[in-house]
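Student: Can you read through this structure? Questions will come right after.
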Amino acid sequence: MVYYVRFLKTPRIQQQKGSPYLSALICITTDLGDSFFAEDVDLKVIVRNHSSHVLIEKKAKWNASDRELAITLGPLPSNLVQQSMVLTVQVPNPPGYSIPQYPPIPLVVGATSASFGPQSTPAEKLVQRQIQYSGREKVPIQIWEETGNSIARHIWDAGLATVTYLHMICDNVKKSARNDSKKGTEPQIPALERVLSINRDEPLQVVELGAGCGIVGISLATMLPNCSVILTDLPEVEDIVTRNINATQLATMSSLHYQNLDWDDPPDELCSRPIELILVSDCTYNADSLPALVSTLDRLVRTSPLAIILVALKRRHDSETVFFDLMTSAGFTAVQDSIEIPSQYDEVDEIEFYCYSRLTGGR
């Protein structure tokens with residue numbers, strides 16, 4: 001499983017012994033926050049101003065026995081105290097492991113705080129994650145998520161893995177178009193590759209259910225030209241997903257929109273054109289919501305019969321098997337694939353993918 005740097009106390013400027021110091025409190029934990037990283041790892045702590053100029057840089061260490069780590073920088077020069085700043089905590093040399101895929105999923109995902117500074121108020125309880133993959137001229141995808149305990153406004157492991165999976169397909173499509181024989185790992189879902197590779201007059205119509213902070217749909221719209229993505233979730237995520245949409249550098253002719261969607265009361269029409277791809281990432285953990293999720297998928301495919309559904313999940317408990325039974329009962333069939341993500345002690349974890357359709361079985 002992947003581990004994430006989180007701020008237990010977001011950065012702020014405080015007076016200590018009459019001098020200004022920057023203070024924060026971090027931990028390194030799983031997406032659910034249910035276990036801590038249990039290896040020693042060196043950290044790099046970087047303070048930047050609003051122009052991304054490095055103001056302070058120092059090393060820190062997370063020990064295997066830690067549950068939290070206090071970060072204190074100072075005393076600060078008076079000119080720095082008057083500036084807005086952000087604090088980044090990252091792992092410059094991650095623990096050794098090798099996952100043969102691209103972009104590589106890190107074992108420990110770093111974090112950058114929201115801005116803080118002159119008024120001595122703490123940063124918002126948000127962190128920005130950066131995902132780097134080839135083909136973007138070294139411009140990473142930047143996604144904000146809450147640093148607290150909100151399940152709906154977090155990045156989850158299956159979301160990171162889905163970004164990697166979609167990138168592998170899109171990159172292979174580009175290489176095929178230019179007759180490049182150096183393809184990467186070949187995903188085992190031909191229907192998904194076909195949908196992402198079609199030359200079309202109108203944009204590919206994509207809908208994501210349970211989008212959360214939007215990492216999957218937003219990433220697709222940055223890597224795939226001529227793609228129209230509608231992100232959907234409950235109203236509680238609207239602020240953060242809108243923030244991420246507004247900060248996104250889209251691929252040519254691609255677009256992003258957000259729409260509130262309650263699975264218990266889906267609209268008669270979600271978009272004006274037939275849906276071709278439905279994304280569902282890490283939405284099977286709550287067994288109580290599964291009948292409504294499957295009902296919504298059934299309704300969408302009834303209005304868009306040729307749509308395929310990509311479901312990504314990390315198995316967390318046995319009750320998730322209810323989802324597969326409900327999908328079978330609704331007449332869906334699937335093609336399966338998986339990729340590995342790093343875990344502690346050079347081990348790996350697995351993210352499963354299921355490509356559902358009603359007419360072709362995903363084939």
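Labels used: A, B, ... for chains in the order of the structure tokens, numbers from 1 for residues in each chain, and numbers from 1 for ligands as shown.
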Dump as a tab-separated table the rows for residues of region 162-248 of chain A within 9 Å of region 103-108 of chain A: closest atom pair and distance in Å with one decimal, only C-alpha atoms counted, ordered by chain and rising residue number.

Tutor:
```
residue	atom	partner	partner_atom	distance
A:Val163	CA	A:Pro103	CA	8.6
A:Thr164	CA	A:Pro103	CA	5.8
A:Tyr165	CA	A:Pro103	CA	9.0
A:His167	CA	A:Pro103	CA	7.6
A:Met168	CA	A:Pro103	CA	8.0
```

Student: For those residues, write N, CA, C and O atoms to a file as a PDB file, in the first residue's frame.

Tutor:
```pdb
ATOM      1  N   VAL A 163      -4.647   6.333 -12.674  1.00  0.00           N
ATOM      2  CA  VAL A 163      -3.919   7.325 -13.463  1.00  0.00           C
ATOM      3  C   VAL A 163      -2.770   6.646 -14.212  1.00  0.00           C
ATOM      4  O   VAL A 163      -2.560   6.874 -15.414  1.00  0.00           O
ATOM      5  N   THR A 164      -2.028   5.783 -13.521  1.00  0.00           N
ATOM      6  CA  THR A 164      -0.944   5.040 -14.167  1.00  0.00           C
ATOM      7  C   THR A 164      -1.478   4.157 -15.284  1.00  0.00           C
ATOM      8  O   THR A 164      -0.923   4.102 -16.390  1.00  0.00           O
ATOM      9  N   TYR A 165      -2.572   3.462 -15.016  1.00  0.00           N
ATOM     10  CA  TYR A 165      -3.139   2.531 -15.998  1.00  0.00           C
ATOM     11  C   TYR A 165      -3.603   3.265 -17.256  1.00  0.00           C
ATOM     12  O   TYR A 165      -3.303   2.860 -18.379  1.00  0.00           O
ATOM     13  N   HIS A 167      -2.580   6.164 -18.258  1.00  0.00           N
ATOM     14  CA  HIS A 167      -1.405   6.715 -18.934  1.00  0.00           C
ATOM     15  C   HIS A 167      -0.703   5.666 -19.779  1.00  0.00           C
ATOM     16  O   HIS A 167      -0.260   5.943 -20.896  1.00  0.00           O
ATOM     17  N   MET A 168      -0.591   4.443 -19.256  1.00  0.00           N
ATOM     18  CA  MET A 168       0.044   3.378 -20.034  1.00  0.00           C
ATOM     19  C   MET A 168      -0.688   3.183 -21.361  1.00  0.00           C
ATOM     20  O   MET A 168      -0.058   3.028 -22.415  1.00  0.00           O
TER      21      MET A 168
END
```

Student: Quick one: residues within 8 Å of Thr112 (chain A), only C-alpha atoms, excluding same-chain residues fewer than 2 positions away - as a ChimeraX atom specification?

Tutor: /A:86-89,110,114,127-129

Student: Can I get the selected residues back with C-alpha atoms, as a PDB file, in the first residue's frame?

Tutor:
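selection_19.pdb written:
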```
ATOM      1  CA  VAL A  86       4.195  27.054   1.172  1.00  0.00           C
ATOM      2  CA  LEU A  87       5.856  24.078   2.848  1.00  0.00           C
ATOM      3  CA  THR A  88       6.746  20.936   0.895  1.00  0.00           C
ATOM      4  CA  VAL A  89       7.715  17.648   2.540  1.00  0.00           C
ATOM      5  CA  GLY A 110       4.997  13.938  -0.709  1.00  0.00           C
ATOM      6  CA  ALA A 114      -1.630  25.631   1.120  1.00  0.00           C
ATOM      7  CA  VAL A 127      -2.279  19.517   0.609  1.00  0.00           C
ATOM      8  CA  GLN A 128      -1.283  19.396  -3.020  1.00  0.00           C
ATOM      9  CA  ARG A 129       0.005  16.170  -4.555  1.00  0.00           C
TER      10      ARG A 129
END
```

Student: Please give the complete set of residues from region 15-233 of chain A that DSSP, run on the backbone, assigns to helix (DSSP H, G or I), formatted as an MDAnalysis selection string.

Tutor: chainID A and resid 78:81 157:177 190:197 215:223

Student: Show which residues sit within 12 Å of Asp288 (chain A), as number ranges by chain. Count only C-alpha atoms, and ignore same-chain residues fewer than 3 positions away.

Tutor: A: 263-264, 283-285, 291-294, 319-320, 322-323

Student: Write the residues you've just listed into a file as a PDB file, in the first residue's frame, and include N, CA and C atoms for each of them.

Tutor:
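Below is the file that was written, out24.pdb:
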```
ATOM      1  N   TRP A 263     -26.364   8.974  -6.085  1.00  0.00           N
ATOM      2  CA  TRP A 263     -26.706   7.689  -6.693  1.00  0.00           C
ATOM      3  C   TRP A 263     -28.130   7.246  -6.363  1.00  0.00           C
ATOM      4  N   ASP A 264     -28.672   7.718  -5.252  1.00  0.00           N
ATOM      5  CA  ASP A 264     -30.047   7.365  -4.898  1.00  0.00           C
ATOM      6  C   ASP A 264     -31.071   8.155  -5.699  1.00  0.00           C
ATOM      7  N   CYS A 283     -14.790   2.901  -5.179  1.00  0.00           N
ATOM      8  CA  CYS A 283     -16.148   3.225  -4.723  1.00  0.00           C
ATOM      9  C   CYS A 283     -16.893   2.013  -4.180  1.00  0.00           C
ATOM     10  N   THR A 284     -16.201   0.885  -3.997  1.00  0.00           N
ATOM     11  CA  THR A 284     -16.887  -0.337  -3.582  1.00  0.00           C
ATOM     12  C   THR A 284     -16.693  -0.663  -2.103  1.00  0.00           C
ATOM     13  N   TYR A 285     -16.020   0.236  -1.354  1.00  0.00           N
ATOM     14  CA  TYR A 285     -15.700  -0.059   0.038  1.00  0.00           C
ATOM     15  C   TYR A 285     -16.924  -0.041   0.951  1.00  0.00           C
ATOM     16  N   PRO A 291     -25.894  -1.126  -4.016  1.00  0.00           N
ATOM     17  CA  PRO A 291     -27.097  -1.211  -4.863  1.00  0.00           C
ATOM     18  C   PRO A 291     -27.379   0.082  -5.618  1.00  0.00           C
ATOM     19  N   ALA A 292     -27.203   1.221  -4.960  1.00  0.00           N
ATOM     20  CA  ALA A 292     -27.439   2.505  -5.634  1.00  0.00           C
ATOM     21  C   ALA A 292     -26.403   2.753  -6.719  1.00  0.00           C
ATOM     22  N   LEU A 293     -25.144   2.374  -6.471  1.00  0.00           N
ATOM     23  CA  LEU A 293     -24.099   2.535  -7.477  1.00  0.00           C
ATOM     24  C   LEU A 293     -24.417   1.702  -8.719  1.00  0.00           C
ATOM     25  N   VAL A 294     -24.762   0.439  -8.521  1.00  0.00           N
ATOM     26  CA  VAL A 294     -25.058  -0.432  -9.664  1.00  0.00           C
ATOM     27  C   VAL A 294     -26.309   0.049 -10.391  1.00  0.00           C
ATOM     28  N   SER A 319     -17.021  -7.810   2.061  1.00  0.00           N
ATOM     29  CA  SER A 319     -18.342  -7.327   1.641  1.00  0.00           C
ATOM     30  C   SER A 319     -18.323  -6.703   0.248  1.00  0.00           C
ATOM     31  N   GLU A 320     -17.125  -6.373  -0.269  1.00  0.00           N
ATOM     32  CA  GLU A 320     -17.046  -5.786  -1.602  1.00  0.00           C
ATOM     33  C   GLU A 320     -17.463  -6.756  -2.703  1.00  0.00           C
ATOM     34  N   VAL A 322     -20.136  -8.163  -2.957  1.00  0.00           N
ATOM     35  CA  VAL A 322     -21.536  -7.876  -3.296  1.00  0.00           C
ATOM     36  C   VAL A 322     -21.613  -7.094  -4.604  1.00  0.00           C
ATOM     37  N   PHE A 323     -20.650  -6.206  -4.838  1.00  0.00           N
ATOM     38  CA  PHE A 323     -20.658  -5.395  -6.057  1.00  0.00           C
ATOM     39  C   PHE A 323     -20.640  -6.282  -7.298  1.00  0.00           C
TER      40      PHE A 323
END
```

Student: In terms of the shortest atom-to-atom distance over only C-alpha atoms, which of A:Met85, A:Ser281, A:Pro190, A:Ser289 is closest to Leu313 (chain A)?

Tutor: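 Nearest candidate to Leu313 (chain A) out of A:Met85, A:Ser281, A:Pro190, A:Ser289: A:Ser281.
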
Student: Determine, counting only C-alpha atoms, which protein, DNA and RNA residues have an atom within 6 Å of an atom of region 347-361 of chain A; residues of the same chain fewer than 5 positions away are not included. Present the result as an NGL selection string.

Tutor: :A and (1 or 308-314 or 332-342)

Student: Would you mind telling me which residue in A:Leu326, A:Ile189, A:Leu277, A:Ile141 lies nearest to Val206 (chain A) when using only C-alpha atoms?

Tutor: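 That would be A:Leu277, the residue with the smallest distance to Val206 (chain A).
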
Student: Quote the spacing between CA of Ile275 (chain A) and CA of His257 (chain A) in Å to one decimal place.

Tutor: 14.2 Å

Student: If you count only C-alpha atoms, which residues fall within 12 Å of Ile28 (chain A), apart from same-chain ones fewer than 3 positions away, as a PyMOL selection string?

Tutor: chain A and resi 2-8+25+31-41+43+61-69+89-91+107-111+147

Student: DSSP on the backbone, strand (DSSP E) only: what residues of region 152-269 of chain A does that give? Format it as an MDAnalysis selection string.

Tutor: chainID A and resid 204:209 227:233 255:260

Student: What is the distance, in Å and to one decimal place, between CA of Ser255 (chain A) and CA of Ile151 (chain A)?

Tutor: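 The value is 26.1 Å.
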
Student: Near Ser115 (chain A), within 9 Å and counting only C-alpha atoms, which residues show up once chain neighbours fewer than 5 positions away are dropped, as a short mmCIF file (atom, residue, chain, number, x, y, z; two decimals) with all heavy atoms, in the first residue's frame?

Tutor:
```cif
data_model
loop_
_atom_site.label_atom_id
_atom_site.label_comp_id
_atom_site.auth_asym_id
_atom_site.auth_seq_id
_atom_site.Cartn_x
_atom_site.Cartn_y
_atom_site.Cartn_z
N PRO A 11 1.13 24.12 8.48
CA PRO A 11 2.20 25.08 8.79
C PRO A 11 1.66 26.45 9.21
O PRO A 11 0.62 26.91 8.74
CB PRO A 11 2.96 25.19 7.46
CG PRO A 11 2.63 23.95 6.71
CD PRO A 11 1.24 23.59 7.11
N ASN A 49 8.37 30.69 -1.68
CA ASN A 49 7.46 31.83 -1.67
C ASN A 49 6.44 31.68 -2.80
O ASN A 49 6.42 30.66 -3.51
CB ASN A 49 8.22 33.16 -1.75
CG ASN A 49 9.02 33.30 -3.05
OD1 ASN A 49 8.84 32.53 -4.01
ND2 ASN A 49 9.90 34.27 -3.09
N HIS A 50 5.61 32.71 -3.00
CA HIS A 50 4.54 32.63 -3.99
C HIS A 50 5.08 32.52 -5.42
O HIS A 50 4.35 32.12 -6.33
CB HIS A 50 3.61 33.84 -3.87
CG HIS A 50 4.27 35.14 -4.24
ND1 HIS A 50 5.09 35.83 -3.36
CD2 HIS A 50 4.23 35.87 -5.39
CE1 HIS A 50 5.52 36.92 -3.95
NE2 HIS A 50 5.03 36.97 -5.18
N SER A 84 4.11 35.36 1.89
CA SER A 84 3.29 34.15 1.83
C SER A 84 4.19 33.00 1.39
O SER A 84 5.01 33.14 0.49
CB SER A 84 2.15 34.33 0.83
OG SER A 84 1.22 35.28 1.30
N MET A 85 4.02 31.86 2.04
CA MET A 85 4.90 30.73 1.80
C MET A 85 4.09 29.44 1.68
O MET A 85 2.93 29.38 2.09
CB MET A 85 5.90 30.58 2.95
CG MET A 85 6.85 31.74 3.11
SD MET A 85 7.89 31.56 4.60
CE MET A 85 6.78 32.21 5.85
N VAL A 86 4.73 28.41 1.13
CA VAL A 86 4.19 27.05 1.17
C VAL A 86 5.30 26.14 1.66
O VAL A 86 6.49 26.40 1.45
CB VAL A 86 3.67 26.57 -0.20
CG1 VAL A 86 2.51 27.44 -0.67
CG2 VAL A 86 4.78 26.54 -1.24
N LEU A 87 4.91 25.05 2.31
CA LEU A 87 5.86 24.08 2.85
C LEU A 87 5.68 22.75 2.13
O LEU A 87 4.57 22.22 2.06
CB LEU A 87 5.63 23.88 4.34
CG LEU A 87 6.49 22.81 5.03
CD1 LEU A 87 7.96 23.22 5.03
CD2 LEU A 87 6.01 22.57 6.46
N PRO A 122 -2.67 29.69 10.31
CA PRO A 122 -2.20 28.43 9.73
C PRO A 122 -2.73 28.24 8.31
O PRO A 122 -3.73 28.84 7.91
CB PRO A 122 -2.79 27.37 10.67
CG PRO A 122 -3.95 28.03 11.32
CD PRO A 122 -3.61 29.48 11.44
N ALA A 123 -2.04 27.40 7.55
CA ALA A 123 -2.49 27.09 6.21
C ALA A 123 -3.82 26.34 6.26
O ALA A 123 -4.16 25.72 7.27
CB ALA A 123 -1.44 26.22 5.51
N GLU A 124 -4.59 26.43 5.16
CA GLU A 124 -5.81 25.63 5.07
C GLU A 124 -5.47 24.15 5.23
O GLU A 124 -4.35 23.73 4.96
CB GLU A 124 -6.48 25.83 3.71
CG GLU A 124 -7.03 27.19 3.44
CD GLU A 124 -7.64 27.24 2.04
OE1 GLU A 124 -8.82 26.86 1.89
OE2 GLU A 124 -6.91 27.62 1.11
#
```

Student: I need the residue nearest Ile131 (chain A) from this list: A:Pro187, A:Thr222, A:Leu55, A:Lys174. Use only C-alpha atoms for the distance.

Tutor: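 Result for the nearest residue to Ile131 (chain A): A:Thr222.
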
Student: Restricting the calculation to only C-alpha atoms, which member of A:Cys27, A:Leu80, A:Leu234, A:Leu22 is positioned closest to Asp262 (chain A)?

Tutor: A:Leu234

Student: Extract, using only C-alpha atoms, all DNA, RNA and protein residues at most 7 Å from Leu231 (chain A), discarding same-chain residues fewer than 4 positions from it, and format them as a PyMOL selection string.

Tutor: chain A and resi 207-209+211+214+217+257-259

Student: Print the selection's residues with N, CA and C atoms to a file, as a PDB file, in the first residue's frame.

Tutor:
```pdb
ATOM      1  N   VAL A 207     -17.659  10.039 -18.104  1.00  0.00           N
ATOM      2  CA  VAL A 207     -18.285  10.393 -16.833  1.00  0.00           C
ATOM      3  C   VAL A 207     -17.571   9.632 -15.724  1.00  0.00           C
ATOM      4  N   GLU A 208     -17.211  10.330 -14.644  1.00  0.00           N
ATOM      5  CA  GLU A 208     -16.648   9.657 -13.479  1.00  0.00           C
ATOM      6  C   GLU A 208     -17.647   9.727 -12.333  1.00  0.00           C
ATOM      7  N   LEU A 209     -17.927   8.583 -11.723  1.00  0.00           N
ATOM      8  CA  LEU A 209     -18.795   8.510 -10.549  1.00  0.00           C
ATOM      9  C   LEU A 209     -17.931   8.479  -9.288  1.00  0.00           C
ATOM     10  N   ALA A 211     -16.182  10.882  -7.874  1.00  0.00           N
ATOM     11  CA  ALA A 211     -14.883  11.429  -8.303  1.00  0.00           C
ATOM     12  C   ALA A 211     -14.021  11.927  -7.161  1.00  0.00           C
ATOM     13  N   GLY A 214     -11.149  14.323  -7.734  1.00  0.00           N
ATOM     14  CA  GLY A 214     -11.122  14.366  -9.196  1.00  0.00           C
ATOM     15  C   GLY A 214      -9.866  13.853  -9.856  1.00  0.00           C
ATOM     16  N   GLY A 217     -10.440  11.511 -13.367  1.00  0.00           N
ATOM     17  CA  GLY A 217     -10.998  12.207 -14.520  1.00  0.00           C
ATOM     18  C   GLY A 217     -10.154  13.383 -14.955  1.00  0.00           C
ATOM     19  N   HIS A 257     -15.827  19.271 -16.432  1.00  0.00           N
ATOM     20  CA  HIS A 257     -16.978  19.883 -15.778  1.00  0.00           C
ATOM     21  C   HIS A 257     -17.313  19.060 -14.537  1.00  0.00           C
ATOM     22  N   TYR A 258     -17.924  19.722 -13.564  1.00  0.00           N
ATOM     23  CA  TYR A 258     -18.362  19.009 -12.359  1.00  0.00           C
ATOM     24  C   TYR A 258     -19.872  19.103 -12.241  1.00  0.00           C
ATOM     25  N   GLN A 259     -20.484  18.008 -11.761  1.00  0.00           N
ATOM     26  CA  GLN A 259     -21.927  17.995 -11.534  1.00  0.00           C
ATOM     27  C   GLN A 259     -22.236  17.158 -10.297  1.00  0.00           C
TER      28      GLN A 259
END
```

Student: Nearest to Ser272 (chain A) among A:Phe324, A:Thr303, A:Pro92, A:Asn199, with distances taken over only C-alpha atoms: which residue is it?

Tutor: A:Thr303
